[in-house]
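Peer 1: I am attaching a structure below and will ask some questions about it afterwards.
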Amino acid sequence: MEIDPFIFRLSIFILSIFIGYFVVWSVTPSLHTPLMSVTNAISSVIIVGAIIAGLAGNSQTIFNISSIFGFLAISLAAINIFGGFLVTQRMLAMYKKKKKNK
Amino acid sequence: MISANLAAVFYLISGVLFILALRGLSSPETSRQGNFFGILGMVIAITVTFLSIGSFSSGFFYVLIFLLIGGLIGAFIAYKIPMTAMPELVAGFHSLVGLAAVFVAIAAFLNPEAFNLGSLGDIKLGSLIEMSIGAAVGAITFSGSVIAFLKLQGIMSGSPITFKGQHPLNALILISIVVVTYLLCSTQSSNFFWILLAISFLIGFLLIIPIGGADMPVVISMLNSYSGWAAAGIGFTLENTALIITGALVGSSGAILSYIMCKGMNRSFFNVILGGFGATEQSSSTGSKEQKPVKSGNAEDAAFLMKNASSVIIVPGYGMAVAQAQHALREMVDTLKKNDIKVSYAIHPVAGRMPGHMNVLLAEANVAYDEVFELEEINNDFANADVAFVIGANDVTNPAAKNDPQSPIYGMPVLDVEKCKSVLFVKRSLSPGYAGIDNSLFYKENTLMLFADAKKMTEEITKNL
């Protein structure tokens with residue numbers, strides 16, 4: 001009997017939780033705010049689902065109810081992706097070490 | 001058009017890049033590279049999605065337009081937002097992830113053919129369950145984050161909103177979510193799908209209103225976690241590895257942060273979630289606090305004390321963020337350092353309104369991160385320091401947490417500020433902190449209260465140094 005592909009996805013999911021657990025514990029507490037903003041940005045990879053939904057309409061009807069929700073989701077996720085990564089970058093650029101010659 | 005297998009490999013690569021993005025945050029030096037990995041992972045995921053669909057019809061044009069609109073808004077916000085507003089921003093972003101998850105779930109429910117999930121009214125059972133979970137958690141994330149945003153922004157009062165029968169009502173709604181999901185899966189009726197979304201929005205709203213403003217660090221972390229689980233739910237529906245990996249990473253990240261925040265307050269997760277903290281305690285403490293004598297001073301006294309010190313520890317709190325005093329504080333510290341006074345910063349895990357809030361503000365004010373210490377690292381140094389300069393913090397310094405078993409914050413790890421030779425408290429009034437309890441530190445002999453706006457007071461001290 002073949003194994004349902006769902007089980008493989010579940011395995012990836014469970015193992016990723018463990019990876020997340022160990023990786024996040026090693027994040028230094030002073031970077032917890034950038035951690036939140038970057039997790040925000042990466043969870044917006046949900047945009048791949050939005051793109052599929054947006055492009056699902058045929059050439060006659062680009063806009064049907066389903067694809068409209070897709071397009072809206074694209075915009076929402078894009079706000080997060082650009083906003084999340086850029087604000088993280090802005091924050092990380094501020095973390096500086098003590099300058100010796102100061 | 002690329003094959004589904006090749007696309008899956010690329011999604012895996014972007015998942016790995018996201019792991020590296022988080023890994024980079026283990027130290028400030030590697031963090032910028034980590035962020036780059038994250039961006040790269042995102043670019044790969046989006047590009048591969050386009051390539052795997054292949055048909056560059058006119059729909060493609062609209063995808064780019066909507067992507068551009070969102071991107072411009074996001075970039076604009078990212079550059080404009082002041083660092084003090086970071087908690088609101090993160091809460092707002094969480095709500096968008098939640099709403100995007102809901103929209104994708106709706107799109108998939110209405111047009112399952114596009115996602116290979118069966119046909120409308122006959123969606124594969126497994127996919128329907130995954131979709132329902134993604135949609136429900138997404139909806140909870142959305143409405144919960146909106147409430148958190150409104151509370152942080154001050155549009156909604158930060159005090160907890162409680163009413164009779166709140167917990168039974170919430171429990172009832174949670175049960176009905178399960179029931180409706182079951183009905184949806186057995187009948188495939190879209191009515192149940194809409195009902196599911198509606199009650200999920202409602203429960204997200206109800207779950208967050210009883211939680212007080214100062215418990216926001218936990219709430220934000222928790223919503224961070226939810227947004228991850230929502231993404232993972234959608235990831236299962238779309239059979240997309242990048243989304244599953246990311247969802248799991250973000251979900252566990254948020255969960256760990258909530259745990260750290262709860263531990264910083266010595267409270268159980270359920271205690272925070274059930275809410276009402278900060279409202280109930282207030283009545284019990286308003287007894288005899290007005291009578292006790294308090295020593296208050298002005299900027300000159302404070303400057304005098306610090307000038308004669310050899311080491312000073314700064315304890316920033318939410319009040320510093322409110323007064324935007326971080327730059328003024330840094331200037332004061334610069335002056336102190338010119339006088340050969342050793343200065344370090346002590347940060348309590350729950351200082352501010354979100355994890356790491358104080359660190360970002362200090363970094364913004366050009367404070368080197370190796371002068372900033374966490375509670376465990378610096379707590380022993382207070383005994384050897386001459387002056388503790390507490391700016392906008394309160395409960396995290398309250399000795400009651402160590403010696404008063406009756407106190408609601410008993411057992412919470414606190415900074416041993418009272419061990420310093422003298423303590424300077426910059427505060428607007430004697431009013432208790434969010435926990436609603438009096439701080440015995442205010443009445444100690446070696447404490448000098450500086451009643452003023454944090455920013456003005458720091459500026460004046462600098463002038464007097």
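The way I read the labels, and the way they are meant: chains A, B, ... in the order of the structure tokens, residue 1 as the first residue of every chain, and ligand 1 as the first ligand shown, with later ones counted on from there.
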Please provide the set of residues having any atom within 6 Å of segment 7-20 of chain B, restricted to only C-alpha atoms, with same-chain residues fewer than 5 positions apart removed, written as a PyMOL selection string.

Peer 2: chain B and resi 37-38+41+45+241-242+245

Peer 1: Please report, as a ChimeraX atom specification, each residue of segment 28-206 of chain B to which DSSP assigns alpha helix (DSSP H) when run on this structure's backbone.

Peer 2: /B:28-53,58-80,86-110,125-153,166-187,190-206

Peer 1: For segment 100-111 of chain B, list every protein, DNA or RNA residue within 7 Å, evaluated using only C-alpha atoms, and leave out those in the same chain fewer than 5 positions away; present the list as number ranges by chain.

Peer 2: A: 46, 49-50, 53, 66-67, 69-70, 73, 76-77; B: 120, 131, 134-135, 138-139, 230-231, 234

Peer 1: Got a sec: who's within 8 Å of Val27 of chain A, counting only C-alpha atoms, leaving out chain neighbours fewer than 6 positions off, as a count of residues only?

Peer 2: 6

Peer 1: Contacts of Arg9 of chain A at 8 Å or less, counting only C-alpha atoms, minus same-chain residues fewer than 4 places along, as a list in words?

Peer 2: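 After dropping sequence-adjacent residues, the list is Pro5 and Phe13 of chain A; Phe236, Glu239, Thr241 and Ile244 of chain B.
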
Peer 1: Considering only C-alpha atoms, return as a list in words whatever protein or nucleic-acid residues lie within 9 Å of Asn339 of chain B, sequence-local ones (same chain, fewer than 4 positions apart) excluded.

Peer 2: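 Residues near the query, excluding close chain neighbours: Lys307, Asp334 and Thr335 of chain B.
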
Peer 1: Quick one: of B:Pro316, B:Gly204, B:Gly233, B:Pro355, who's nearest to Arg330 of chain B, counting only C-alpha atoms?

Peer 2: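 Closest to Arg330 of chain B, using only C-alpha atoms: B:Pro316.
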
Peer 1: Of the candidates B:Leu196, B:Leu169, B:Met457, B:Leu51, which one gets nearest to chain A if we count only C-alpha atoms?

Peer 2: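 Looking only at the distances to chain A, the closest residue turns out to be B:Leu51.
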
Peer 1: Select, from B:Phe36, B:Phe60, B:Tyr443, B:Tyr79, the residue with the minimum atom-to-atom distance to Ile52 of chain A, counting only C-alpha atoms.

Peer 2: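 So, comparing all the options, the nearest one is B:Phe60.
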
Peer 1: Report the residues of segment 152-359 of chain B whose backbone DSSP state falls under strand (DSSP E or B), written as an MDAnalysis selection string.

Peer 2: chainID B and resid 296 311:316 342:347

Peer 1: Filtering to N, CA and C atoms, could you give me those residues as a PDB file, in the first residue's frame?

Peer 2:
ATOM      1  N   SER B 296      11.618  63.705  46.491  1.00  0.00           N
ATOM      2  CA  SER B 296      11.653  64.016  45.072  1.00  0.00           C
ATOM      3  C   SER B 296      12.707  65.082  44.819  1.00  0.00           C
ATOM      4  N   SER B 311      29.835  54.242  38.358  1.00  0.00           N
ATOM      5  CA  SER B 311      29.127  53.413  37.387  1.00  0.00           C
ATOM      6  C   SER B 311      27.615  53.629  37.512  1.00  0.00           C
ATOM      7  N   VAL B 312      26.970  53.676  36.363  1.00  0.00           N
ATOM      8  CA  VAL B 312      25.541  53.947  36.294  1.00  0.00           C
ATOM      9  C   VAL B 312      24.880  52.867  35.450  1.00  0.00           C
ATOM     10  N   ILE B 313      23.745  52.357  35.923  1.00  0.00           N
ATOM     11  CA  ILE B 313      22.988  51.407  35.101  1.00  0.00           C
ATOM     12  C   ILE B 313      21.645  52.032  34.740  1.00  0.00           C
ATOM     13  N   ILE B 314      21.347  52.023  33.459  1.00  0.00           N
ATOM     14  CA  ILE B 314      20.100  52.610  32.980  1.00  0.00           C
ATOM     15  C   ILE B 314      19.057  51.500  32.841  1.00  0.00           C
ATOM     16  N   VAL B 315      17.875  51.727  33.366  1.00  0.00           N
ATOM     17  CA  VAL B 315      16.790  50.751  33.230  1.00  0.00           C
ATOM     18  C   VAL B 315      15.636  51.388  32.454  1.00  0.00           C
ATOM     19  N   PRO B 316      15.561  51.149  31.153  1.00  0.00           N
ATOM     20  CA  PRO B 316      14.491  51.765  30.370  1.00  0.00           C
ATOM     21  C   PRO B 316      13.218  50.924  30.394  1.00  0.00           C
ATOM     22  N   LYS B 342      31.187  54.737  33.992  1.00  0.00           N
ATOM     23  CA  LYS B 342      30.824  53.518  33.257  1.00  0.00           C
ATOM     24  C   LYS B 342      29.299  53.410  33.196  1.00  0.00           C
ATOM     25  N   VAL B 343      28.784  53.260  31.985  1.00  0.00           N
ATOM     26  CA  VAL B 343      27.332  53.185  31.837  1.00  0.00           C
ATOM     27  C   VAL B 343      26.939  51.907  31.113  1.00  0.00           C
ATOM     28  N   SER B 344      25.951  51.203  31.651  1.00  0.00           N
ATOM     29  CA  SER B 344      25.393  50.078  30.903  1.00  0.00           C
ATOM     30  C   SER B 344      23.871  50.133  30.987  1.00  0.00           C
ATOM     31  N   TYR B 345      23.217  49.375  30.122  1.00  0.00           N
ATOM     32  CA  TYR B 345      21.764  49.368  30.084  1.00  0.00           C
ATOM     33  C   TYR B 345      21.266  47.992  30.518  1.00  0.00           C
ATOM     34  N   ALA B 346      20.198  47.976  31.325  1.00  0.00           N
ATOM     35  CA  ALA B 346      19.620  46.712  31.771  1.00  0.00           C
ATOM     36  C   ALA B 346      18.210  46.602  31.226  1.00  0.00           C
ATOM     37  N   ILE B 347      17.941  45.518  30.526  1.00  0.00           N
ATOM     38  CA  ILE B 347      16.620  45.389  29.907  1.00  0.00           C
ATOM     39  C   ILE B 347      15.890  44.162  30.411  1.00  0.00           C
TER      40      ILE B 347
END

Peer 1: Separation of atom CA of Met83 of chain B and atom CA of Lys97 of chain A, in Å?

Peer 2: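 Separation between atom CA of Met83 of chain B and atom CA of Lys97 of chain A: 19.2 Å.
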